[in-house]
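Structure file target.txt with compact mmCIF, C-alpha atoms:
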```txt
# COMPACT_ATOMS: atom_id res chain seq x y z
CA MET A 279 -39.86 -98.40 56.93
CA ALA A 280 -37.33 -97.97 54.12
CA ILE A 281 -35.29 -100.72 52.41
CA SER A 282 -32.40 -99.82 50.13
CA GLY A 283 -33.60 -96.22 49.90
CA VAL A 284 -37.07 -97.15 48.55
CA ALA A 285 -40.03 -95.91 50.52
CA VAL A 286 -42.70 -98.50 51.26
CA ARG A 287 -46.27 -97.35 52.06
CA GLY A 288 -48.71 -99.25 54.11
CA PRO A 289 -52.11 -100.34 52.94
CA CYS A 290 -53.87 -97.25 54.28
CA GLN A 291 -51.45 -94.92 52.58
CA GLU A 292 -51.89 -96.73 49.24
CA LYS A 293 -55.69 -96.41 49.31
CA LYS A 294 -55.39 -92.73 50.11
CA ALA A 295 -53.11 -92.17 47.15
CA VAL A 296 -55.56 -93.90 44.89
CA ARG A 297 -58.39 -91.75 46.17
CA VAL A 298 -56.40 -88.60 45.56
CA GLN A 299 -55.58 -89.76 42.03
CA LYS A 300 -59.24 -90.34 41.22
CA SER A 301 -60.34 -87.03 42.63
CA SER A 302 -57.90 -85.23 40.34
CA PHE A 303 -60.07 -86.23 37.34
CA SER A 304 -63.42 -85.20 38.88
CA PRO A 305 -63.72 -81.75 37.22
CA THR A 306 -64.03 -83.28 33.67
CA THR A 307 -66.10 -86.39 34.38
CA SER A 308 -69.89 -86.15 35.06
CA SER A 309 -71.30 -88.12 37.89
CA PRO A 310 -74.28 -90.50 37.58
CA GLU A 311 -76.30 -88.15 39.78
CA GLY A 312 -75.67 -85.23 37.36
CA ASP A 313 -76.72 -87.28 34.36
CA LYS A 314 -79.92 -88.19 36.13
CA ASP A 315 -80.65 -84.50 36.89
CA GLN A 316 -80.10 -83.42 33.25
CA SER A 317 -82.24 -86.28 31.96
CA SER A 318 -84.98 -85.39 34.43
CA ARG A 319 -84.94 -81.72 33.38
CA GLY A 320 -85.08 -82.67 29.67
CA GLY A 321 -88.00 -84.98 30.32
CA MET A 322 -89.89 -82.28 32.22
CA GLU A 323 -89.34 -79.77 29.38
CA THR A 324 -90.64 -82.26 26.80
CA THR A 325 -93.65 -83.03 28.99
CA MET A 326 -94.41 -79.33 29.43
CA LEU A 327 -94.14 -78.76 25.65
CA TRP A 328 -96.57 -81.59 24.90
CA MET A 329 -98.94 -80.35 27.62
CA THR A 330 -98.90 -76.86 26.08
CA VAL A 331 -99.51 -78.20 22.55
CA SER A 332 -102.27 -80.50 23.82
CA CYS A 333 -103.98 -77.65 25.67
CA ALA A 334 -103.81 -75.43 22.58
CA LEU A 335 -105.26 -78.19 20.37
CA ALA A 336 -107.97 -78.91 22.94
CA ALA A 337 -108.87 -75.20 23.05
CA LEU A 338 -109.05 -75.05 19.24
CA LEU A 339 -111.18 -78.20 19.14
CA ALA A 340 -113.49 -76.84 21.84
CA THR A 341 -113.83 -73.53 19.94
CA PHE A 342 -114.57 -75.39 16.71
CA LEU A 343 -117.22 -77.57 18.38
CA MET A 344 -118.84 -74.58 20.08
CA MET A 345 -119.00 -72.70 16.76
CA TYR A 346 -120.19 -75.80 14.90
CA TYR A 347 -123.09 -76.48 17.26
CA TRP A 348 -123.99 -73.02 18.61
CA TRP A 349 -122.65 -70.44 16.15
CA PRO A 350 -122.48 -72.12 12.72
CA ALA A 351 -122.72 -68.76 10.91
CA GLN A 352 -119.44 -67.71 12.55
CA LEU A 353 -117.86 -71.00 11.51
CA VAL A 354 -118.89 -70.36 7.90
CA LYS A 355 -117.19 -66.95 8.11
CA VAL A 356 -114.00 -68.54 9.44
CA LEU A 357 -114.00 -71.14 6.66
CA ILE A 358 -114.50 -68.43 4.01
CA TRP A 359 -111.66 -66.42 5.55
CA ALA A 360 -109.41 -69.50 5.42
CA LEU A 361 -110.37 -70.16 1.78
CA CYS A 362 -109.55 -66.55 0.88
CA LYS A 363 -106.11 -67.01 2.44
CA LEU A 364 -105.64 -70.27 0.57
CA ARG A 365 -106.53 -68.62 -2.76
CA ARG A 366 -104.20 -65.65 -1.97
CA VAL A 367 -106.90 -63.01 -2.38
CA LYS A 368 -106.93 -59.73 -0.46
CA VAL A 369 -110.25 -58.41 0.88
CA LYS A 370 -110.64 -54.62 0.63
CA TYR A 371 -113.25 -51.95 1.41
CA PHE A 372 -114.03 -48.36 0.54
CA GLU A 373 -116.97 -45.99 1.02
CA HIS A 374 -118.43 -43.86 -1.73
CA GLU A 375 -121.70 -41.89 -1.95
CA GLY A 376 -123.31 -43.70 0.98
CA TYR A 377 -122.21 -47.19 -0.06
CA LYS A 378 -119.57 -49.30 1.64
CA PHE A 379 -118.17 -51.53 -1.10
CA CYS A 380 -116.42 -54.81 -0.32
CA TYR A 381 -114.32 -56.66 -2.88
CA PHE A 382 -111.27 -58.87 -3.11
CA THR A 383 -108.34 -58.83 -5.51
CA TYR A 384 -106.14 -61.58 -6.90
CA GLY A 385 -102.79 -60.85 -8.52
CA LYS A 386 -101.59 -57.45 -9.71
CA PRO A 387 -102.35 -55.33 -12.78
CA GLY A 388 -100.14 -56.27 -15.72
CA ALA A 389 -100.02 -56.33 -19.49
CA GLN A 390 -103.32 -58.20 -19.81
CA PRO A 391 -106.61 -56.45 -19.06
CA SER A 392 -107.81 -56.83 -15.48
CA MET A 393 -110.96 -58.89 -14.85
CA LEU A 394 -113.96 -57.53 -12.97
CA MET A 395 -116.49 -60.18 -11.86
CA PHE A 396 -120.16 -59.78 -10.85
CA HIS A 397 -121.78 -62.62 -8.88
CA GLY A 398 -125.34 -63.92 -9.07
CA PHE A 399 -128.49 -62.98 -7.16
CA SER A 400 -128.41 -63.47 -3.34
CA LEU A 401 -124.82 -64.76 -3.50
CA SER A 402 -121.51 -62.94 -3.04
CA LYS A 403 -117.99 -62.47 -4.39
CA GLU A 404 -116.91 -65.73 -2.71
CA MET A 405 -118.70 -67.75 -5.39
CA TRP A 406 -115.69 -67.08 -7.66
CA LEU A 407 -113.09 -68.52 -5.25
CA GLU A 408 -113.11 -72.05 -6.65
CA ALA A 409 -112.63 -70.76 -10.21
CA ILE A 410 -109.77 -68.48 -9.09
CA LYS A 411 -107.96 -71.65 -8.01
CA TYR A 412 -107.31 -72.24 -11.74
CA ALA A 413 -106.22 -68.68 -12.58
CA PRO A 414 -102.54 -68.02 -13.44
CA LYS A 415 -100.57 -65.87 -11.01
CA ASP A 416 -100.03 -63.11 -13.58
CA VAL A 417 -103.78 -62.42 -13.99
CA HIS A 418 -105.38 -59.53 -12.09
CA ILE A 419 -108.93 -60.26 -10.87
CA ILE A 420 -111.39 -58.12 -8.89
CA CYS A 421 -114.53 -59.75 -7.45
CA VAL A 422 -116.97 -57.32 -5.88
CA ASP A 423 -120.08 -57.75 -3.74
CA LEU A 424 -122.99 -56.11 -5.55
CA PRO A 425 -125.01 -53.62 -3.44
CA GLY A 426 -126.92 -55.36 -0.62
CA HIS A 427 -125.02 -58.61 -1.15
CA GLY A 428 -122.15 -60.00 0.90
CA GLU A 429 -120.47 -57.13 2.76
CA THR A 430 -121.47 -54.30 0.42
CA THR A 431 -124.20 -52.18 1.94
CA CYS A 432 -127.45 -51.01 0.37
CA LEU A 433 -129.51 -47.85 0.74
CA GLN A 434 -133.19 -47.89 1.61
CA GLY A 435 -135.46 -46.49 -1.05
CA GLU A 436 -132.97 -47.07 -3.87
CA SER A 437 -133.94 -48.97 -7.01
CA TYR A 438 -132.13 -52.19 -7.93
CA THR A 439 -133.21 -52.70 -11.52
CA GLY A 440 -130.56 -53.91 -13.93
CA ILE A 441 -129.82 -50.39 -15.19
CA GLU A 442 -129.60 -48.86 -11.71
CA GLN A 443 -127.24 -51.61 -10.54
CA ALA A 444 -125.02 -51.06 -13.59
CA LYS A 445 -124.84 -47.34 -12.79
CA ARG A 446 -123.93 -48.13 -9.19
CA MET A 447 -121.13 -50.44 -10.27
CA HIS A 448 -119.83 -47.68 -12.52
CA GLN A 449 -119.40 -45.63 -9.35
CA PHE A 450 -117.31 -48.49 -7.93
CA VAL A 451 -115.21 -48.69 -11.10
CA GLU A 452 -114.56 -44.95 -11.25
CA TYR A 453 -113.70 -44.55 -7.58
CA SER A 454 -111.40 -47.61 -7.57
CA GLY A 455 -109.63 -46.36 -10.71
CA LEU A 456 -110.22 -49.63 -12.52
CA ASN A 457 -111.31 -47.81 -15.68
CA ARG A 458 -107.89 -46.26 -16.26
CA LYS A 459 -107.57 -49.11 -18.76
CA PRO A 460 -110.39 -51.13 -20.37
CA PHE A 461 -111.04 -54.35 -18.45
CA HIS A 462 -112.49 -57.80 -19.05
CA LEU A 463 -116.00 -57.79 -17.53
CA VAL A 464 -117.52 -61.08 -16.32
CA GLY A 465 -120.97 -61.74 -14.85
CA ILE A 466 -123.24 -64.66 -14.01
CA SER A 467 -127.07 -64.76 -13.87
CA MET A 468 -128.20 -61.43 -12.35
CA GLY A 469 -124.54 -60.39 -12.43
CA GLY A 470 -124.58 -61.23 -16.15
CA LEU A 471 -127.56 -58.92 -16.60
CA VAL A 472 -125.72 -56.11 -14.80
CA ALA A 473 -122.48 -56.77 -16.72
CA GLY A 474 -124.22 -56.76 -20.10
CA ILE A 475 -126.01 -53.48 -19.36
CA TYR A 476 -122.77 -52.00 -18.02
CA ALA A 477 -121.01 -52.86 -21.32
CA ALA A 478 -123.86 -51.18 -23.22
CA LEU A 479 -123.85 -48.01 -21.08
CA TYR A 480 -120.06 -47.61 -20.69
CA PRO A 481 -118.49 -49.16 -23.81
CA SER A 482 -115.11 -47.43 -23.36
CA ASP A 483 -114.60 -49.22 -20.01
CA VAL A 484 -115.02 -52.77 -21.33
CA TYR A 485 -112.28 -54.57 -23.26
CA CYS A 486 -114.29 -57.77 -23.65
CA LEU A 487 -117.37 -59.31 -22.05
CA SER A 488 -118.04 -62.82 -20.68
CA LEU A 489 -121.61 -63.68 -19.62
CA PHE A 490 -122.63 -66.86 -17.82
CA CYS A 491 -126.35 -67.69 -18.24
CA PRO A 492 -127.35 -63.99 -18.01
CA ALA A 493 -130.78 -62.88 -16.88
CA GLY A 494 -132.71 -60.19 -18.77
CA LEU A 495 -133.47 -62.03 -22.03
CA LYS A 496 -136.91 -62.41 -23.59
CA TYR A 497 -137.95 -66.04 -24.11
CA PRO A 498 -140.86 -67.16 -26.32
CA THR A 499 -142.27 -69.12 -23.37
CA ASP A 500 -141.49 -69.27 -19.66
CA ASN A 501 -139.96 -72.43 -18.20
CA ASP A 502 -141.46 -74.08 -15.10
CA PHE A 503 -139.15 -72.26 -12.70
CA VAL A 504 -140.01 -68.79 -14.04
CA LYS A 505 -143.72 -69.65 -14.03
CA ARG A 506 -143.43 -70.59 -10.36
CA LEU A 507 -141.65 -67.32 -9.54
CA LYS A 508 -144.33 -65.28 -11.28
CA GLU A 509 -147.03 -67.18 -9.40
CA MET A 510 -145.36 -66.47 -6.06
CA GLU A 511 -144.93 -62.81 -6.99
CA LYS A 512 -148.60 -62.62 -7.88
CA HIS A 513 -149.64 -64.02 -4.48
CA LYS A 514 -146.80 -62.24 -2.61
CA ASP A 515 -145.63 -65.60 -1.25
CA PHE A 516 -142.03 -64.56 -0.72
CA LYS A 517 -141.22 -66.97 2.13
CA ASN A 518 -141.34 -69.91 -0.27
CA ASN A 519 -139.13 -68.32 -2.91
CA PRO A 520 -136.66 -71.00 -4.11
CA LEU A 521 -134.04 -68.31 -4.81
CA ILE A 522 -134.15 -67.07 -1.20
CA PRO A 523 -134.10 -70.25 0.93
CA LEU A 524 -134.88 -69.92 4.62
CA THR A 525 -134.72 -73.57 5.70
CA ILE A 526 -132.37 -76.48 5.02
CA ASN A 527 -135.13 -78.20 3.06
CA GLN A 528 -135.53 -75.13 0.82
CA LEU A 529 -131.76 -74.89 0.41
CA ASN A 530 -131.60 -78.52 -0.73
CA LYS A 531 -134.38 -77.84 -3.23
CA MET A 532 -132.53 -74.81 -4.60
CA ALA A 533 -129.38 -76.92 -5.00
CA LYS A 534 -131.29 -79.60 -6.90
CA VAL A 535 -132.71 -76.98 -9.25
CA GLY A 536 -129.48 -74.99 -9.65
CA PHE A 537 -126.99 -77.84 -10.15
CA TYR A 538 -126.96 -80.63 -12.68
CA ASN A 539 -125.56 -83.07 -10.14
CA PHE A 540 -125.23 -81.72 -6.62
CA SER A 541 -123.47 -84.53 -4.73
CA TRP A 542 -121.52 -82.52 -2.13
CA ASN A 543 -123.15 -82.50 1.31
CA PRO A 544 -121.47 -80.09 3.74
CA GLY A 545 -123.67 -81.20 6.66
CA GLU A 546 -126.74 -79.64 8.23
CA GLN A 547 -124.82 -77.40 10.64
CA LEU A 548 -122.81 -75.70 7.89
CA MET A 549 -125.93 -75.38 5.77
CA GLN A 550 -127.68 -73.77 8.73
CA GLY A 551 -124.70 -71.46 9.19
CA PHE A 552 -125.00 -70.41 5.53
CA LEU A 553 -128.71 -69.69 6.01
CA ASP A 554 -128.15 -67.81 9.29
CA SER A 555 -125.55 -65.57 7.61
CA ARG A 556 -128.18 -64.52 5.04
CA LYS A 557 -131.13 -63.81 7.37
CA ALA A 558 -130.34 -60.13 7.72
CA HIS A 559 -130.47 -59.77 3.91
CA PHE A 560 -133.88 -61.40 3.39
CA SER A 561 -135.87 -58.16 2.99
CA PHE A 562 -133.30 -56.73 0.60
CA TYR A 563 -133.15 -59.91 -1.49
CA THR A 564 -136.93 -59.81 -1.87
CA LYS A 565 -136.89 -56.15 -2.97
CA CYS A 566 -133.91 -56.71 -5.29
CA LEU A 567 -135.61 -59.66 -7.01
CA LEU A 568 -138.82 -57.68 -7.47
CA ASP A 569 -136.85 -54.72 -8.87
CA PHE A 570 -134.68 -56.49 -11.44
CA SER A 571 -137.51 -58.82 -12.52
CA SER A 572 -140.06 -56.00 -12.77
CA VAL A 573 -141.74 -55.14 -16.08
CA GLU A 574 -139.34 -52.23 -16.71
CA SER A 575 -136.22 -54.34 -15.99
CA ARG A 576 -137.16 -57.91 -16.89
CA TYR A 577 -135.85 -57.74 -20.48
CA SER A 578 -133.34 -54.92 -20.02
CA LEU A 579 -130.39 -56.97 -21.28
CA GLN A 580 -132.28 -57.91 -24.43
CA ASP A 581 -133.13 -54.23 -24.95
CA ASN A 582 -129.46 -53.21 -24.71
CA ILE A 583 -127.64 -55.97 -26.63
CA SER A 584 -127.45 -53.82 -29.75
CA LYS A 585 -125.46 -51.19 -27.79
CA ILE A 586 -122.71 -53.61 -26.71
CA ARG A 587 -119.50 -52.93 -28.65
CA ALA A 588 -117.05 -55.20 -26.83
CA PRO A 589 -116.22 -58.72 -28.07
CA THR A 590 -118.67 -60.97 -26.21
CA GLN A 591 -118.91 -64.61 -25.19
CA VAL A 592 -121.92 -66.37 -23.66
CA ILE A 593 -121.55 -69.55 -21.61
CA TRP A 594 -124.55 -71.68 -20.66
CA GLY A 595 -125.17 -75.03 -19.00
CA LYS A 596 -127.32 -77.25 -21.20
CA ASN A 597 -129.18 -78.49 -18.11
CA ASP A 598 -130.03 -75.07 -16.67
CA LYS A 599 -133.46 -75.26 -14.98
CA ILE A 600 -133.51 -71.65 -13.75
CA LEU A 601 -132.74 -69.69 -16.93
CA ASP A 602 -133.36 -71.85 -19.96
CA SER A 603 -130.28 -72.67 -22.05
CA THR A 604 -132.06 -71.50 -25.23
CA GLY A 605 -130.96 -68.08 -24.00
CA GLY A 606 -127.64 -68.77 -25.72
CA LYS A 607 -129.35 -68.88 -29.12
CA ILE A 608 -131.49 -65.84 -28.28
CA PHE A 609 -128.34 -63.86 -27.48
CA ALA A 610 -126.55 -65.11 -30.59
CA ASP A 611 -129.51 -64.12 -32.80
CA ALA A 612 -129.34 -60.60 -31.36
CA MET A 613 -125.52 -60.45 -31.61
CA PRO A 614 -124.23 -62.76 -34.36
CA SER A 615 -120.59 -61.88 -33.62
CA CYS A 616 -120.68 -63.32 -30.08
CA GLN A 617 -119.19 -66.68 -29.12
CA VAL A 618 -121.57 -69.17 -27.49
CA HIS A 619 -120.39 -72.14 -25.42
CA MET A 620 -122.89 -74.77 -24.27
CA LEU A 621 -121.64 -77.05 -21.48
CA ASP A 622 -122.88 -80.63 -21.23
CA ARG A 623 -124.05 -81.99 -17.87
CA CYS A 624 -124.07 -78.54 -16.28
CA GLY A 625 -126.80 -76.55 -14.55
CA HIS A 626 -127.27 -72.88 -13.64
CA PHE A 627 -124.41 -72.45 -11.14
CA ILE A 628 -121.76 -73.00 -13.82
CA ILE A 629 -118.91 -71.24 -12.04
CA ILE A 630 -119.33 -73.49 -8.98
CA GLU A 631 -120.13 -76.71 -10.83
CA ARG A 632 -117.45 -76.36 -13.54
CA PRO A 633 -114.84 -73.94 -12.13
CA ARG A 634 -111.87 -75.22 -14.14
CA LYS A 635 -113.72 -75.15 -17.47
CA SER A 636 -115.21 -71.74 -16.67
CA MET A 637 -111.83 -70.17 -15.98
CA GLN A 638 -110.35 -71.82 -19.05
CA LEU A 639 -113.06 -70.37 -21.31
CA ILE A 640 -112.71 -66.90 -19.79
CA LEU A 641 -108.93 -66.85 -20.16
CA GLU A 642 -108.95 -68.20 -23.70
CA PHE A 643 -111.55 -65.67 -24.76
CA GLY A 644 -109.64 -62.80 -23.14
CA ALA A 645 -106.43 -63.86 -24.90
CA SER A 646 -108.29 -64.16 -28.19
CA ALA A 647 -109.81 -60.69 -27.79
CA CYS A 648 -106.36 -59.25 -27.06
CA GLY A 649 -104.96 -60.91 -30.17
CA GLU A 650 -107.72 -59.61 -32.40
CA LYS A 651 -107.31 -56.02 -31.15
CA LYS A 652 -103.52 -56.15 -31.62
CA LYS A 653 -104.04 -57.20 -35.26
CA LYS A 654 -106.26 -54.17 -35.82
```

Encoding of this model in structure tokens:
Amino acid sequence: MAISGVAVRGPCQEKKAVRVQKSSFSPTTSSPEGDKDQSSRGGMETTMLWMTVSCALAALLATFLMMYYWWPAQLVKVLIWALCKLRRVKVKYFEHEGYKFCYFTYGKPGAQPSMLMFHGFSLSKEMWLEAIKYAPKDVHIICVDLPGHGETTCLQGESYTGIEQAKRMHQFVEYSGLNRKPFHLVGISMGGLVAGIYAALYPSDVYCLSLFCPAGLKYPTDNDFVKRLKEMEKHKDFKNNPLIPLTINQLNKMAKVGFYNFSWNPGEQLMQGFLDSRKAHFSFYTKCLLDFSSVESRYSLQDNISKIRAPTQVIWGKNDKILDSTGGKIFADAMPSCQVHMLDRCGHFIIIERPRKSMQLILEFGASACGEKKKK
């Protein structure tokens, strides 16, 4: 019906118009059902992500527990690998004249002499990792496993006296090209014996020499530890050798003798893993100890001190129960020009017990040696 030319719609027509008007906006306005679908999909994706992460963490935890309880030696290897990554060292290998040498490097060669480090008896290159933590980034360091130790192989029938080991490490130095420039040679205990003899035999290779409690010196009297070793050697009682522990009890005893204050307890499983990783080396360790402590090799560092030409420093822990700290004075009497540092409250394993101080002394001595040679 129309009144005065104006169209009038009925109720049904008005509702229809409203519906049409609303529907015209539908393409740009999301519906409640759509919002619920998107929220549901987002929630499912988040749940799936957390499930994946949880499964991965559970798998890692299960692997860790299996290694911890059943294969602790493998766990020790993984922890060492992680520590090498943390310290930014690169593990390398090469084969030469029947030997497969393993070593790691830190930094790159630069203006300062590179450092070559020899570890102690029955240990490996990894003993230097804690000290490397305090080394500047511009220092170049090479830590090598001595023959039969760590991942460097040994040859049956070979001799491992101090002199023979020094000759073998000269093969490593020549083949690696490290002797293109004189380097700073560092050694501890048996590694100190080898380093000192190396400096005497190959003086042109060595820029300066740092020795931590080196073996191979002649003492007026034997201390209790050396007396015990000689007694075991006499009776061929090698299974109770404190330097080659086979049980956790023996390992604890070695720690008490080697450290001034050994308070760190890694737990029995990790200690067992450390022992298990060494089992294959037991026969070699026994032969090596007999060779470098034999009559012909026992005082070989003392016999060669007069041939050392490089500036030398000797570092000793005052509380060393394995190699008596009077060795510092014995060395100084034989080489008056050497620097001797005696560390308070420190045992035989200086580089592990006092890593920061050890690295500081090495670096300061190397810088001092460089300064003295530049003046000349």

Point-to-point distance from atom CA of A:Ile410 to atom CA of A:Arg623, Å rounded to tenths: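 These two atoms are separated by 21.5 Å.
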
Quick one: residues within 6 Å of stretch 476-488 of chain A, all atoms listed in the file counted, chain neighbours fewer than 5 positions away excluded, as an mmCIF file with C-alpha atoms, in the coordinates of the input?
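Done, and the output landed in part20.cif:
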```
data_model
loop_
_atom_site.group_PDB
_atom_site.id
_atom_site.type_symbol
_atom_site.label_atom_id
_atom_site.label_comp_id
_atom_site.auth_asym_id
_atom_site.auth_seq_id
_atom_site.Cartn_x
_atom_site.Cartn_y
_atom_site.Cartn_z
ATOM 1 C CA ALA A 444 -125.020 -51.060 -13.590
ATOM 2 C CA ASN A 457 -111.310 -47.810 -15.680
ATOM 3 C CA PRO A 460 -110.390 -51.130 -20.370
ATOM 4 C CA PHE A 461 -111.040 -54.350 -18.450
ATOM 5 C CA HIS A 462 -112.490 -57.800 -19.050
ATOM 6 C CA LEU A 463 -116.000 -57.790 -17.530
ATOM 7 C CA VAL A 464 -117.520 -61.080 -16.320
ATOM 8 C CA LYS A 585 -125.460 -51.190 -27.790
ATOM 9 C CA ILE A 586 -122.710 -53.610 -26.710
ATOM 10 C CA ALA A 588 -117.050 -55.200 -26.830
ATOM 11 C CA PRO A 589 -116.220 -58.720 -28.070
ATOM 12 C CA THR A 590 -118.670 -60.970 -26.210
ATOM 13 C CA GLN A 591 -118.910 -64.610 -25.190
#
```

Would you work out the distance separating atom CA of A:Arg506 from atom CA of A:Phe560, expressed in Å to one decimal?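 Pair atom CA of A:Arg506 / atom CA of A:Phe560 returns 19.1 Å.
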
In Å, rounded to a single decimal, give me how far atom CA of A:Leu553 is from atom CA of A:His513. 24.1 Å

Measuring between all atoms listed in the file, which one of A:Arg587, A:Lys635, A:Arg458, A:Lys596 shows the shortest distance to A:Ser615?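 Once distances to A:Ser615 are computed over all atoms listed in the file, the minimum belongs to A:Arg587.
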
What's around A:Met549 at 9 Å? Count all atoms listed in the file, leave out sequence neighbours fewer than 2 positions away in its own chain, and write the answer as a count of residues only. 15

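Residue nearest A:Ser575, chosen from A:Tyr381, A:Phe399, A:Tyr497, A:Tyr438 and counting only C-alpha atoms: A:Tyr438.
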
Between A:Lys411, A:Thr330, A:Leu521, A:Cys566, which has the minimum distance to A:Gly435 (counting only C-alpha atoms)? A:Cys566

Among the residues A:Gln352, A:Thr431, A:Asn501, A:Ser578, the one that comes closest to A:Leu601 [using only C-alpha atoms]: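 Result for the nearest residue to A:Leu601: A:Asn501.
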